[in-house]
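This is query_11.cif. It holds mmCIF, C-alpha atoms.
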data_target
#
loop_
_atom_site.label_atom_id
_atom_site.label_comp_id
_atom_site.auth_asym_id
_atom_site.auth_seq_id
_atom_site.Cartn_x
_atom_site.Cartn_y
_atom_site.Cartn_z
CA MET A 9 -62.86 -249.49 -0.80
CA GLY A 10 -59.36 -248.30 -0.08
CA GLY A 11 -58.90 -249.83 3.33
CA GLU A 12 -58.27 -247.83 6.44
CA VAL A 13 -57.86 -244.11 6.00
CA SER A 14 -56.31 -241.87 8.62
CA ALA A 15 -58.48 -239.01 9.73
CA PRO A 16 -57.02 -235.57 9.05
CA ALA A 17 -56.97 -234.83 12.76
CA PHE A 18 -54.82 -231.71 12.42
CA ILE A 19 -56.18 -228.48 11.08
CA VAL A 20 -53.53 -226.25 9.56
CA PRO A 21 -54.33 -222.65 10.48
CA ALA A 22 -55.12 -220.42 7.50
CA GLU A 23 -52.29 -218.03 8.39
CA THR A 24 -49.82 -220.95 8.36
CA VAL A 25 -50.98 -221.96 4.90
CA GLU A 26 -50.74 -218.37 3.66
CA ARG A 27 -47.16 -218.00 4.93
CA LEU A 28 -46.03 -221.39 3.73
CA THR A 29 -42.97 -221.19 1.48
CA ALA A 30 -42.15 -223.59 -1.34
CA ARG A 31 -39.18 -224.86 0.67
CA GLU A 32 -41.29 -225.64 3.75
CA LEU A 33 -43.86 -227.42 1.64
CA GLU A 34 -41.23 -229.46 -0.17
CA ALA A 35 -39.64 -230.41 3.17
CA ALA A 36 -42.98 -231.63 4.49
CA LEU A 37 -43.72 -233.52 1.26
CA ASP A 38 -40.33 -235.22 1.51
CA ARG A 39 -41.38 -236.68 4.85
CA LEU A 40 -44.30 -238.54 3.34
CA PRO A 41 -43.95 -242.21 2.38
CA LYS A 42 -43.05 -242.40 -1.27
CA ASP A 43 -46.27 -244.06 -2.45
CA GLN A 44 -48.37 -241.42 -0.66
CA ARG A 45 -46.31 -238.49 -1.95
CA GLU A 46 -46.45 -239.86 -5.49
CA ALA A 47 -50.25 -240.22 -5.41
CA LEU A 48 -50.75 -236.79 -3.82
CA LEU A 49 -48.54 -235.01 -6.37
CA LEU A 50 -50.11 -236.81 -9.32
CA CYS A 51 -53.45 -235.56 -8.00
CA ASP A 52 -52.74 -232.03 -6.77
CA LEU A 53 -49.78 -230.99 -8.88
CA TRP A 54 -50.45 -232.79 -12.14
CA GLY A 55 -54.22 -232.80 -11.87
CA PHE A 56 -54.79 -236.46 -12.70
CA ARG A 57 -58.05 -238.13 -11.66
CA TYR A 58 -58.01 -241.09 -9.27
CA ALA A 59 -58.76 -243.52 -12.09
CA GLU A 60 -55.82 -242.17 -14.08
CA ILE A 61 -53.49 -242.35 -11.08
CA ALA A 62 -54.61 -245.92 -10.45
CA GLU A 63 -53.59 -246.78 -13.97
CA ILE A 64 -50.25 -244.99 -13.70
CA VAL A 65 -49.21 -246.63 -10.45
CA ASP A 66 -50.93 -249.92 -11.27
CA SER A 67 -52.96 -250.01 -8.06
CA PRO A 68 -56.68 -250.25 -7.34
CA ILE A 69 -58.50 -246.93 -7.25
CA GLY A 70 -59.40 -247.51 -3.60
CA THR A 71 -55.72 -247.76 -2.74
CA VAL A 72 -55.08 -244.49 -4.54
CA ARG A 73 -57.89 -242.80 -2.65
CA SER A 74 -56.53 -244.15 0.60
CA ARG A 75 -52.95 -243.08 -0.13
CA ILE A 76 -54.04 -239.55 -1.00
CA ALA A 77 -56.15 -239.29 2.16
CA ARG A 78 -53.29 -240.54 4.32
CA ALA A 79 -50.84 -238.19 2.60
CA ARG A 80 -53.09 -235.23 3.37
CA ALA A 81 -53.56 -236.32 6.97
CA ARG A 82 -49.82 -236.64 7.50
CA LEU A 83 -49.04 -233.42 5.68
CA SER A 84 -51.58 -231.57 7.84
CA ALA A 85 -50.02 -233.02 10.95
CA LEU A 86 -46.55 -231.97 9.85
CA LEU A 87 -47.54 -228.44 8.94
CA ALA A 88 -49.78 -227.93 11.97
CA LYS A 89 -46.85 -228.53 14.34
CA PRO A 90 -45.46 -225.37 15.94
CA ALA A 91 -42.28 -224.05 14.28
CA GLY A 92 -39.04 -225.40 15.66
CA ARG A 93 -40.45 -228.77 16.74
CA GLU A 94 -39.25 -231.96 15.22
CA PHE A 95 -41.63 -234.39 13.63
CA LYS A 96 -40.10 -237.66 14.82
CA ASP A 97 -43.41 -238.85 16.22
CA LEU A 98 -45.07 -238.36 12.85
CA ARG A 99 -42.67 -240.32 10.74
CA PRO A 100 -44.17 -243.31 8.94
CA MET B 4 -72.83 -239.55 9.20
CA THR B 5 -70.32 -239.30 12.05
CA CYS B 6 -67.20 -237.11 12.06
CA GLY B 7 -65.08 -240.28 11.73
CA GLN B 8 -66.93 -241.35 8.59
CA PHE B 9 -66.63 -237.82 7.27
CA ALA B 10 -62.86 -237.85 7.71
CA ASP B 11 -62.63 -240.93 5.53
CA LEU B 12 -64.54 -239.24 2.74
CA LEU B 13 -63.16 -235.71 3.02
CA SER B 14 -60.11 -236.19 0.84
CA ALA B 15 -62.07 -237.72 -2.02
CA TYR B 16 -64.73 -235.03 -1.59
CA ILE B 17 -62.34 -232.14 -2.17
CA ASP B 18 -61.02 -233.95 -5.25
CA ALA B 19 -64.59 -234.27 -6.61
CA GLU B 20 -64.17 -238.05 -6.65
CA LEU B 21 -67.26 -239.05 -4.67
CA ALA B 22 -70.42 -240.58 -6.06
CA PRO B 23 -73.44 -238.23 -5.87
CA THR B 24 -74.92 -240.05 -2.85
CA GLU B 25 -71.71 -239.87 -0.85
CA ARG B 26 -71.22 -236.25 -1.86
CA GLN B 27 -74.68 -235.34 -0.61
CA GLN B 28 -73.98 -237.07 2.70
CA VAL B 29 -70.73 -235.16 3.11
CA GLU B 30 -72.39 -231.86 2.24
CA ALA B 31 -75.20 -232.50 4.71
CA HIS B 32 -72.67 -233.24 7.44
CA LEU B 33 -70.62 -230.16 6.52
CA ALA B 34 -73.69 -227.96 6.82
CA ALA B 35 -74.24 -229.19 10.38
CA CYS B 36 -70.71 -229.60 11.78
CA THR B 37 -68.48 -226.55 12.26
CA SER B 38 -65.46 -228.60 13.24
CA CYS B 39 -65.56 -230.67 10.07
CA GLY B 40 -66.17 -227.50 8.08
CA ARG B 41 -62.85 -226.14 9.35
CA ARG B 42 -61.18 -229.44 8.57
CA ALA B 43 -62.51 -229.37 5.02
CA SER B 44 -61.42 -225.78 4.55
CA SER B 45 -57.91 -226.59 5.79
CA ALA B 46 -57.61 -229.63 3.52
CA ARG B 47 -58.81 -227.61 0.55
CA SER B 48 -56.28 -224.83 1.24
CA LEU B 49 -53.48 -227.35 1.33
CA LYS B 50 -54.58 -228.82 -1.99
CA HIS B 51 -54.52 -225.37 -3.55
CA VAL B 52 -51.19 -224.40 -2.03
CA ILE B 53 -49.53 -227.50 -3.47
CA ALA B 54 -50.78 -226.58 -6.92
CA ARG B 55 -49.79 -222.92 -6.49
CA LEU B 56 -46.39 -223.17 -4.86
CA SER B 57 -45.26 -225.85 -7.22
CA SER B 58 -46.65 -224.15 -10.29
CA ARG B 59 -43.25 -223.79 -11.93
CA GLU B 60 -43.04 -227.54 -12.13
CA LYS B 61 -46.58 -228.00 -13.32
CA PRO B 62 -47.03 -228.69 -17.00
CA PRO B 63 -49.37 -226.29 -18.76
CA GLY B 64 -52.70 -227.67 -19.86
CA ALA B 65 -51.60 -228.30 -23.42
CA ILE B 66 -48.61 -230.33 -22.39
CA ARG B 67 -50.63 -232.24 -19.84
CA ALA B 68 -53.12 -233.09 -22.56
CA ARG B 69 -50.32 -234.42 -24.71
CA VAL B 70 -48.93 -236.47 -21.84
CA GLU B 71 -52.35 -237.99 -21.40
CA ALA B 72 -52.65 -238.65 -25.12
CA LEU B 73 -49.26 -240.33 -25.16
CA ARG B 74 -50.12 -242.42 -22.13
CA PHE B 75 -53.57 -243.51 -23.20
CA GLY B 76 -52.71 -243.78 -26.88
CA ARG B 77 -50.19 -246.59 -26.42
CA ALA B 78 -52.07 -249.76 -25.72
CA GLY B 79 -50.19 -252.17 -23.55
CA PHE B 80 -47.68 -249.61 -22.32
CA SER B 81 -47.63 -249.34 -18.57
CA PHE B 82 -45.62 -247.67 -15.86
CA ALA B 83 -46.56 -250.62 -13.67
CA ARG B 84 -44.09 -251.44 -10.94
CA LYS B 85 -41.65 -248.83 -12.19
CA PRO B 86 -42.59 -245.89 -10.02
CA VAL B 87 -39.12 -244.36 -10.30
CA LEU B 88 -39.65 -244.07 -14.02
CA ILE B 89 -42.95 -242.24 -13.76
CA GLY B 90 -41.49 -238.79 -13.23
CA VAL B 91 -38.76 -239.30 -15.80
CA ALA B 92 -41.17 -240.66 -18.38
CA LEU B 93 -43.71 -237.89 -17.85
CA LEU B 94 -40.98 -235.26 -17.99
CA LEU B 95 -39.61 -236.68 -21.21
CA ALA B 96 -43.08 -236.89 -22.69
CA ALA B 97 -43.80 -233.31 -21.63
CA THR B 98 -40.55 -232.06 -23.15
CA LEU B 99 -41.20 -233.89 -26.41
CA ALA B 100 -44.75 -232.63 -26.47
CA ALA B 101 -43.57 -229.08 -25.83
CA ILE B 102 -41.21 -229.28 -28.80
CA VAL B 103 -43.89 -230.75 -31.06
CA VAL B 104 -46.52 -228.25 -29.97
CA ARG B 105 -44.15 -225.31 -30.36
CA ASN B 106 -43.27 -226.34 -33.88
CA VAL B 107 -46.73 -226.92 -35.24
CA GLN B 108 -48.94 -224.33 -33.56
CA SER B 109 -49.14 -220.57 -33.66
CA PRO B 110 -48.78 -218.76 -30.32
CA GLY B 111 -52.54 -218.12 -30.20
CA ALA B 112 -53.47 -221.76 -30.77
CA ARG B 113 -50.92 -222.90 -28.23
CA LEU B 114 -52.27 -220.53 -25.62
CA ALA B 115 -55.85 -221.59 -26.37
CA ARG B 116 -54.97 -225.22 -25.73
CA GLU B 117 -53.26 -224.29 -22.47
CA LEU B 118 -56.21 -222.22 -21.27
CA VAL B 119 -58.76 -224.86 -22.21
CA GLY B 120 -56.64 -227.44 -20.37
CA ASP B 121 -56.71 -225.27 -17.24
CA HIS B 122 -60.44 -224.61 -17.69
CA LEU B 123 -61.16 -228.36 -17.81
CA ARG B 124 -58.90 -229.07 -14.90
CA TRP B 125 -60.53 -226.57 -12.56
CA GLN B 126 -64.00 -227.43 -13.78
CA ALA B 127 -63.40 -230.95 -12.50
CA ASP B 128 -62.37 -229.61 -9.10
CA ALA B 129 -65.08 -229.53 -6.42
CA ALA B 130 -63.74 -226.27 -5.02
CA PRO B 131 -61.48 -224.58 -7.54
CA ALA B 132 -61.65 -221.05 -6.12
CA GLU B 133 -59.11 -219.64 -3.68
CA VAL B 134 -61.53 -216.82 -3.13
CA ALA B 135 -65.17 -217.87 -3.44
CA SER B 136 -67.46 -214.86 -3.70
CA ASP B 137 -69.76 -213.06 -6.07
CA ASP B 138 -68.60 -209.76 -4.59
CA ARG B 139 -66.35 -208.25 -7.26
CA GLN B 140 -64.53 -205.97 -4.81
CA ARG B 141 -63.74 -208.86 -2.49
CA VAL B 142 -62.38 -210.90 -5.37
CA ILE B 143 -60.29 -207.95 -6.56
CA ARG B 144 -58.85 -207.49 -3.06
CA PHE B 145 -57.75 -211.12 -3.04
CA PHE B 146 -55.63 -210.55 -6.15
CA GLU B 147 -54.11 -207.25 -4.98
CA GLY B 148 -50.37 -207.69 -4.50
CA ARG B 149 -50.54 -211.21 -5.90
CA VAL B 150 -50.49 -210.30 -9.58
CA PRO B 151 -48.07 -207.83 -11.20
CA PHE B 152 -50.86 -205.45 -12.29
CA THR B 153 -53.96 -203.79 -10.90
CA PRO B 154 -56.48 -206.65 -10.76
CA ILE B 155 -59.97 -206.47 -12.18
CA ALA B 156 -63.18 -208.50 -11.97
CA PRO B 157 -65.24 -207.54 -15.03
CA HIS B 158 -69.00 -207.54 -14.91
CA LEU B 159 -70.25 -209.83 -17.67
CA PRO B 160 -73.90 -209.49 -18.70
CA ASP B 161 -76.01 -212.56 -17.80
CA ALA B 162 -73.05 -214.16 -16.01
CA ARG B 163 -72.43 -214.37 -12.27
CA LEU B 164 -68.98 -214.17 -10.72
CA THR B 165 -68.38 -217.09 -8.33
CA GLY B 166 -64.73 -216.59 -7.36
CA GLY B 167 -61.17 -216.77 -8.56
CA ARG B 168 -57.71 -218.14 -8.08
CA LEU B 169 -54.15 -217.28 -8.99
CA CYS B 170 -52.69 -218.95 -12.04
CA LYS B 171 -49.66 -218.73 -14.27
CA ILE B 172 -49.82 -218.20 -17.98
CA GLU B 173 -46.58 -218.82 -19.82
CA GLY B 174 -44.67 -218.23 -16.62
CA ARG B 175 -46.39 -215.00 -15.53
CA ARG B 176 -48.84 -214.62 -12.70
CA ALA B 177 -52.37 -213.97 -13.87
CA GLN B 178 -55.93 -213.93 -12.59
CA LEU B 179 -58.34 -216.78 -13.19
CA LEU B 180 -61.95 -215.78 -12.53
CA PHE B 181 -64.90 -218.17 -12.46
CA TYR B 182 -68.37 -217.23 -13.69
CA THR B 183 -71.57 -219.14 -14.21
CA CYS B 184 -73.82 -218.36 -17.13
CA GLY B 185 -77.01 -220.39 -16.96
CA ARG B 186 -75.80 -223.95 -16.38
CA GLN B 187 -72.39 -223.32 -17.89
CA THR B 188 -69.12 -222.42 -16.24
CA LEU B 189 -66.86 -219.78 -17.71
CA SER B 190 -63.16 -219.37 -16.94
CA VAL B 191 -61.91 -215.84 -17.46
CA PHE B 192 -58.15 -215.25 -17.47
CA VAL B 193 -56.71 -211.76 -16.98
CA LEU B 194 -53.08 -211.04 -17.83
CA ASP B 195 -50.97 -207.96 -18.35
CA ARG B 196 -49.87 -208.42 -21.93
CA ASP B 197 -51.25 -209.26 -25.33
CA PRO B 198 -50.50 -212.92 -25.97
CA GLY B 199 -52.26 -213.59 -29.25
CA ASP B 200 -53.82 -212.34 -32.40
CA GLY B 201 -57.25 -211.54 -30.94
CA ARG B 202 -59.05 -214.31 -32.83
CA CYS B 203 -61.56 -216.63 -31.20
CA ARG B 204 -60.27 -220.17 -31.24
CA ASP B 205 -61.60 -223.67 -30.61
CA SER B 206 -59.82 -226.33 -28.64
CA ARG B 207 -61.20 -229.66 -27.41
CA GLY B 208 -64.77 -228.53 -28.01
CA ARG B 209 -64.36 -225.28 -26.03
CA HIS B 210 -64.02 -221.73 -27.27
CA VAL B 211 -61.47 -219.12 -26.30
CA CYS B 212 -62.08 -215.43 -27.03
CA SER B 213 -60.12 -212.38 -25.94
CA ARG B 214 -60.53 -208.67 -25.50
CA ARG B 215 -58.04 -205.96 -24.62
CA ILE B 216 -59.06 -203.72 -21.73
CA GLY B 217 -56.42 -201.01 -21.32
CA GLU B 218 -53.08 -202.70 -20.74
CA LEU B 219 -54.76 -205.97 -19.81
CA THR B 220 -56.02 -208.89 -21.87
CA VAL B 221 -59.15 -210.74 -20.82
CA LEU B 222 -59.55 -214.25 -22.23
CA ALA B 223 -62.81 -216.14 -21.72
CA VAL B 224 -63.04 -219.92 -22.06
CA GLY B 225 -66.34 -221.79 -22.19
CA GLU B 226 -68.56 -224.27 -23.93
CA MET B 227 -70.88 -221.64 -25.40
CA PRO B 228 -70.53 -220.70 -29.10
CA GLY B 229 -67.67 -218.35 -29.91
CA GLN B 230 -70.04 -215.63 -31.06
CA MET B 231 -71.82 -215.61 -27.69
CA LEU B 232 -68.52 -215.57 -25.86
CA GLU B 233 -67.34 -212.64 -27.99
CA LYS B 234 -70.55 -210.75 -27.30
CA LEU B 235 -70.20 -211.38 -23.57
CA LEU B 236 -66.67 -209.97 -23.61
CA ARG B 237 -67.63 -207.03 -25.84
CA GLU B 238 -70.32 -206.01 -23.35
CA ALA B 239 -68.12 -206.54 -20.28
CA THR B 240 -67.79 -203.56 -17.97
CA LEU B 241 -65.37 -202.79 -15.15
#
As structure tokens, how would this structure be written, given the file I've shared?
Amino acid sequence: MGGEVSAPAFIVPAETVERLTARELEAALDRLPKDQREALLLCDLWGFRYAEIAEIVDSPIGTVRSRIARARARLSALLAKPAGREFKDLRP
Amino acid sequence: MTCGQFADLLSAYIDAELAPTERQQVEAHLAACTSCGRRASSARSLKHVIARLSSREKPPGAIRARVEALRFGRAGFSFARKPVLIGVALLLAATLAAIVVRNVQSPGARLARELVGDHLRWQADAAPAEVASDDRQRVIRFFEGRVPFTPIAPHLPDARLTGGRLCKIEGRRAQLLFYTCGRQTLSVFVLDRDPGDGRCRDSRGRHVCSRRIGELTVLAVGEMPGQMLEKLLREATL
């Protein structure tokens, strides 16, 4: 179900999460592929269940699950990078 | 279960979207693997920070409920293959719903719907707490400096504190505390003003009761009968 899912290989340190500003978060979210960002925000920001998101975006629930997992993996990778470094290698 | 298999399931686990068997497998692996425990904790923090930092854009529970009602109530209507329209459509629906709700409900009823919406949302979350502890002082310390008042964590008879998280009620930062009472979950909101008329209200099969404690208002939301909820709040101590 959901195909291949990237492992969230990066662990964002707790202090990084605590200091994260809205602008930094938005910037990282903007770097996600659109379908992943859309699924992640429908889940985390709007609080929709996977089944509801699947209906909204007209995709199988496994695809939704996969998109959200990949979005989190990529977001973790972006935020775990030391400040000042570019994320070219992490672009989709 | 290997760490690789765990990684595939982690995201759905923190969203409480796994079947019981898969959930048990993940929890067994988490209990044995420190590295994956850190990974889970990090993923959970990110989930919470998205909800918190973007809270100004988040529709309150009542509006979200209306959006859902609009979406599910119109058979045949679909956002399919029009992803650009999703945000616009939801925003329009939320705005319309806000106007409708504002016109037909008293402030107390409106707030009750919002709080019950939040209660249901966090109840469905596998790990809703930003601070998970039954230690009242630890929970209070988490809120210090994060809410515009001196935070509290009331002792409720027969109920056990399990943690809390920051929330916003009508645009102001407030405390959301989680308690268990028998097999039921209670959400207790603490805010620094008096938002309603003090009556107990029902919304979507849940009850909302409030009590003033000094300058603060404590609102409890749960499935238990309103009279029991009122009694619990009346006997609350600081």
Within 8 Å of stretch 33-45 of chain B using only C-alpha atoms, minus same-chain residues under 5 positions, as a list of chain:residue names: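 Contacts, in chain order: A:Pro16, A:Phe18, A:Ile19, A:Val20, A:Pro21, A:Ala22, B:Cys6, B:Phe9, B:Leu13, B:Ile17.
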Take the residues from that selection and put them in a file with C-alpha atoms, as a compact mmCIF listing (two decimals), in the frame of the given file.
# COMPACT_ATOMS: atom_id res chain seq x y z
CA PRO A 16 -57.02 -235.57 9.05
CA PHE A 18 -54.82 -231.71 12.42
CA ILE A 19 -56.18 -228.48 11.08
CA VAL A 20 -53.53 -226.25 9.56
CA PRO A 21 -54.33 -222.65 10.48
CA ALA A 22 -55.12 -220.42 7.50
CA CYS B 6 -67.20 -237.11 12.06
CA PHE B 9 -66.63 -237.82 7.27
CA LEU B 13 -63.16 -235.71 3.02
CA ILE B 17 -62.34 -232.14 -2.17
Nearest residue to A:Tyr58 from the set B:Ala19, B:Ile155, B:Ala46, B:Leu241 (distances using only C-alpha atoms):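 The answer is B:Ala19, which sits nearest to A:Tyr58.
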Mind running chain A against chain B at 9 Å and telling me each contacting residue's nearest atom pair with the distance in Å (one decimal), counting all atoms listed in the file, chain and number ascending, as a Markdown table?
| residue | atom | partner | partner_atom | distance |
| --- | --- | --- | --- | --- |
| A:Glu12 | CA | B:Asp11 | CA | 8.2 |
| A:Val13 | CA | B:Asp11 | CA | 5.8 |
| A:Ser14 | CA | B:Asp11 | CA | 7.1 |
| A:Ala15 | CA | B:Ala10 | CA | 5.0 |
| A:Pro16 | CA | B:Ala10 | CA | 6.4 |
| A:Ala17 | CA | B:Arg42 | CA | 8.0 |
| A:Phe18 | CA | B:Arg42 | CA | 7.8 |
| A:Ile19 | CA | B:Arg42 | CA | 5.7 |
| A:Val20 | CA | B:Ser45 | CA | 5.8 |
| A:Pro21 | CA | B:Ser45 | CA | 7.1 |
| A:Ala22 | CA | B:Ser45 | CA | 7.0 |
| A:Val25 | CA | B:Leu49 | CA | 6.9 |
| A:Glu26 | CA | B:Val52 | CA | 8.3 |
| A:Leu28 | CA | B:Val52 | CA | 8.3 |
| A:Thr29 | CA | B:Leu56 | CA | 7.5 |
| A:Ala30 | CA | B:Leu56 | CA | 5.5 |
| A:Leu33 | CA | B:Ile53 | CA | 7.6 |
| A:Glu34 | CA | B:Ser57 | CA | 8.9 |
| A:Asp43 | CA | B:Pro86 | CA | 8.6 |
| A:Glu46 | CA | B:Pro86 | CA | 8.5 |
| A:Leu49 | CA | B:Ile53 | CA | 8.1 |
| A:Cys51 | CA | B:Asp18 | CA | 8.2 |
| A:Asp52 | CA | B:Ala54 | CA | 5.8 |
| A:Leu53 | CA | B:Ala54 | CA | 4.9 |
| A:Trp54 | CA | B:Lys61 | CA | 6.3 |
| A:Gly55 | CA | B:Arg124 | CA | 6.7 |
| A:Phe56 | CA | B:Arg124 | CA | 8.7 |
| A:Arg57 | CA | B:Glu20 | CA | 7.9 |
| A:Tyr58 | CA | B:Glu20 | CA | 7.4 |
| A:Glu63 | CA | B:Ser81 | CA | 8.0 |
| A:Ile64 | CA | B:Phe82 | CA | 5.8 |
| A:Val65 | CA | B:Ala83 | CA | 5.8 |
| A:Asp66 | CA | B:Ala83 | CA | 5.0 |
| A:Ser67 | CA | B:Ala83 | CA | 8.5 |
| A:Arg73 | CA | B:Ala15 | CA | 6.6 |
| A:Ser74 | CA | B:Asp11 | CA | 8.5 |
| A:Ile76 | CA | B:Ser14 | CA | 7.2 |
| A:Ala77 | CA | B:Ser14 | CA | 5.2 |
| A:Arg78 | CA | B:Ser14 | CA | 8.8 |
| A:Arg80 | CA | B:Ala46 | CA | 7.2 |
| A:Ala81 | CA | B:Ala46 | CA | 8.5 |
| A:Leu83 | CA | B:Leu49 | CA | 8.7 |
| A:Ser84 | CA | B:Ala46 | CA | 7.7 |
Selection result for the PyMOL selection byres ((chain B and resi 174-186) around 10) on this file, as number ranges by chain: B: 58-59, 63, 118, 121-122, 125-126, 131-137, 142-143, 146, 149-152, 154-173, 187-196, 221-225, 227
Save the residues we just selected, C-alpha atoms, as a PDB file, in the coordinates of the input?
ATOM      1  CA  SER B  58     -46.650-224.150 -10.290  1.00  0.00           C
ATOM      2  CA  ARG B  59     -43.250-223.790 -11.930  1.00  0.00           C
ATOM      3  CA  PRO B  63     -49.370-226.290 -18.760  1.00  0.00           C
ATOM      4  CA  LEU B 118     -56.210-222.220 -21.270  1.00  0.00           C
ATOM      5  CA  ASP B 121     -56.710-225.270 -17.240  1.00  0.00           C
ATOM      6  CA  HIS B 122     -60.440-224.610 -17.690  1.00  0.00           C
ATOM      7  CA  TRP B 125     -60.530-226.570 -12.560  1.00  0.00           C
ATOM      8  CA  GLN B 126     -64.000-227.430 -13.780  1.00  0.00           C
ATOM      9  CA  PRO B 131     -61.480-224.580  -7.540  1.00  0.00           C
ATOM     10  CA  ALA B 132     -61.650-221.050  -6.120  1.00  0.00           C
ATOM     11  CA  GLU B 133     -59.110-219.640  -3.680  1.00  0.00           C
ATOM     12  CA  VAL B 134     -61.530-216.820  -3.130  1.00  0.00           C
ATOM     13  CA  ALA B 135     -65.170-217.870  -3.440  1.00  0.00           C
ATOM     14  CA  SER B 136     -67.460-214.860  -3.700  1.00  0.00           C
ATOM     15  CA  ASP B 137     -69.760-213.060  -6.070  1.00  0.00           C
ATOM     16  CA  VAL B 142     -62.380-210.900  -5.370  1.00  0.00           C
ATOM     17  CA  ILE B 143     -60.290-207.950  -6.560  1.00  0.00           C
ATOM     18  CA  PHE B 146     -55.630-210.550  -6.150  1.00  0.00           C
ATOM     19  CA  ARG B 149     -50.540-211.210  -5.900  1.00  0.00           C
ATOM     20  CA  VAL B 150     -50.490-210.300  -9.580  1.00  0.00           C
ATOM     21  CA  PRO B 151     -48.070-207.830 -11.200  1.00  0.00           C
ATOM     22  CA  PHE B 152     -50.860-205.450 -12.290  1.00  0.00           C
ATOM     23  CA  PRO B 154     -56.480-206.650 -10.760  1.00  0.00           C
ATOM     24  CA  ILE B 155     -59.970-206.470 -12.180  1.00  0.00           C
ATOM     25  CA  ALA B 156     -63.180-208.500 -11.970  1.00  0.00           C
ATOM     26  CA  PRO B 157     -65.240-207.540 -15.030  1.00  0.00           C
ATOM     27  CA  HIS B 158     -69.000-207.540 -14.910  1.00  0.00           C
ATOM     28  CA  LEU B 159     -70.250-209.830 -17.670  1.00  0.00           C
ATOM     29  CA  PRO B 160     -73.900-209.490 -18.700  1.00  0.00           C
ATOM     30  CA  ASP B 161     -76.010-212.560 -17.800  1.00  0.00           C
ATOM     31  CA  ALA B 162     -73.050-214.160 -16.010  1.00  0.00           C
ATOM     32  CA  ARG B 163     -72.430-214.370 -12.270  1.00  0.00           C
ATOM     33  CA  LEU B 164     -68.980-214.170 -10.720  1.00  0.00           C
ATOM     34  CA  THR B 165     -68.380-217.090  -8.330  1.00  0.00           C
ATOM     35  CA  GLY B 166     -64.730-216.590  -7.360  1.00  0.00           C
ATOM     36  CA  GLY B 167     -61.170-216.770  -8.560  1.00  0.00           C
ATOM     37  CA  ARG B 168     -57.710-218.140  -8.080  1.00  0.00           C
ATOM     38  CA  LEU B 169     -54.150-217.280  -8.990  1.00  0.00           C
ATOM     39  CA  CYS B 170     -52.690-218.950 -12.040  1.00  0.00           C
ATOM     40  CA  LYS B 171     -49.660-218.730 -14.270  1.00  0.00           C
ATOM     41  CA  ILE B 172     -49.820-218.200 -17.980  1.00  0.00           C
ATOM     42  CA  GLU B 173     -46.580-218.820 -19.820  1.00  0.00           C
ATOM     43  CA  GLN B 187     -72.390-223.320 -17.890  1.00  0.00           C
ATOM     44  CA  THR B 188     -69.120-222.420 -16.240  1.00  0.00           C
ATOM     45  CA  LEU B 189     -66.860-219.780 -17.710  1.00  0.00           C
ATOM     46  CA  SER B 190     -63.160-219.370 -16.940  1.00  0.00           C
ATOM     47  CA  VAL B 191     -61.910-215.840 -17.460  1.00  0.00           C
ATOM     48  CA  PHE B 192     -58.150-215.250 -17.470  1.00  0.00           C
ATOM     49  CA  VAL B 193     -56.710-211.760 -16.980  1.00  0.00           C
ATOM     50  CA  LEU B 194     -53.080-211.040 -17.830  1.00  0.00           C
ATOM     51  CA  ASP B 195     -50.970-207.960 -18.350  1.00  0.00           C
ATOM     52  CA  ARG B 196     -49.870-208.420 -21.930  1.00  0.00           C
ATOM     53  CA  VAL B 221     -59.150-210.740 -20.820  1.00  0.00           C
ATOM     54  CA  LEU B 222     -59.550-214.250 -22.230  1.00  0.00           C
ATOM     55  CA  ALA B 223     -62.810-216.140 -21.720  1.00  0.00           C
ATOM     56  CA  VAL B 224     -63.040-219.920 -22.060  1.00  0.00           C
ATOM     57  CA  GLY B 225     -66.340-221.790 -22.190  1.00  0.00           C
ATOM     58  CA  MET B 227     -70.880-221.640 -25.400  1.00  0.00           C
TER      59      MET B 227
END
Distance in Å - atom CA of B:Arg209 versus atom CA of A:Ala59: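 Separation between atom CA of B:Arg209 and atom CA of A:Ala59: 23.6 Å.
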Point-to-point distance from atom CA of A:Ala47 to atom CA of B:Gln28, Å rounded to tenths: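 The value is 25.3 Å.
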Between atom CA of B:Thr220 and atom CA of B:Asp197, distance in Å (one decimal): 5.9 Å
Test item: write stretch 35-41 of chain A with N, CA and C atoms as a PDB file, in the first residue's frame:
ATOM      1  N   ALA A  35       9.385  28.367   4.534  1.00  0.00           N
ATOM      2  CA  ALA A  35      10.407  28.253   3.492  1.00  0.00           C
ATOM      3  C   ALA A  35      10.697  26.778   3.204  1.00  0.00           C
ATOM      4  N   ALA A  36      10.779  25.993   4.266  1.00  0.00           N
ATOM      5  CA  ALA A  36      11.044  24.561   4.077  1.00  0.00           C
ATOM      6  C   ALA A  36       9.851  23.882   3.398  1.00  0.00           C
ATOM      7  N   LEU A  37       8.651  24.252   3.821  1.00  0.00           N
ATOM      8  CA  LEU A  37       7.453  23.663   3.207  1.00  0.00           C
ATOM      9  C   LEU A  37       7.378  23.984   1.712  1.00  0.00           C
ATOM     10  N   ASP A  38       7.808  25.205   1.379  1.00  0.00           N
ATOM     11  CA  ASP A  38       7.775  25.617  -0.036  1.00  0.00           C
ATOM     12  C   ASP A  38       8.691  24.774  -0.908  1.00  0.00           C
ATOM     13  N   ARG A  39       9.669  24.134  -0.298  1.00  0.00           N
ATOM     14  CA  ARG A  39      10.616  23.319  -1.065  1.00  0.00           C
ATOM     15  C   ARG A  39      10.098  21.902  -1.317  1.00  0.00           C
ATOM     16  N   LEU A  40       8.976  21.576  -0.730  1.00  0.00           N
ATOM     17  CA  LEU A  40       8.421  20.238  -0.943  1.00  0.00           C
ATOM     18  C   LEU A  40       7.674  20.189  -2.274  1.00  0.00           C
ATOM     19  N   PRO A  41       7.669  19.041  -2.937  1.00  0.00           N
ATOM     20  CA  PRO A  41       6.816  18.902  -4.124  1.00  0.00           C
ATOM     21  C   PRO A  41       5.368  19.218  -3.753  1.00  0.00           C
TER      22      PRO A  41
END
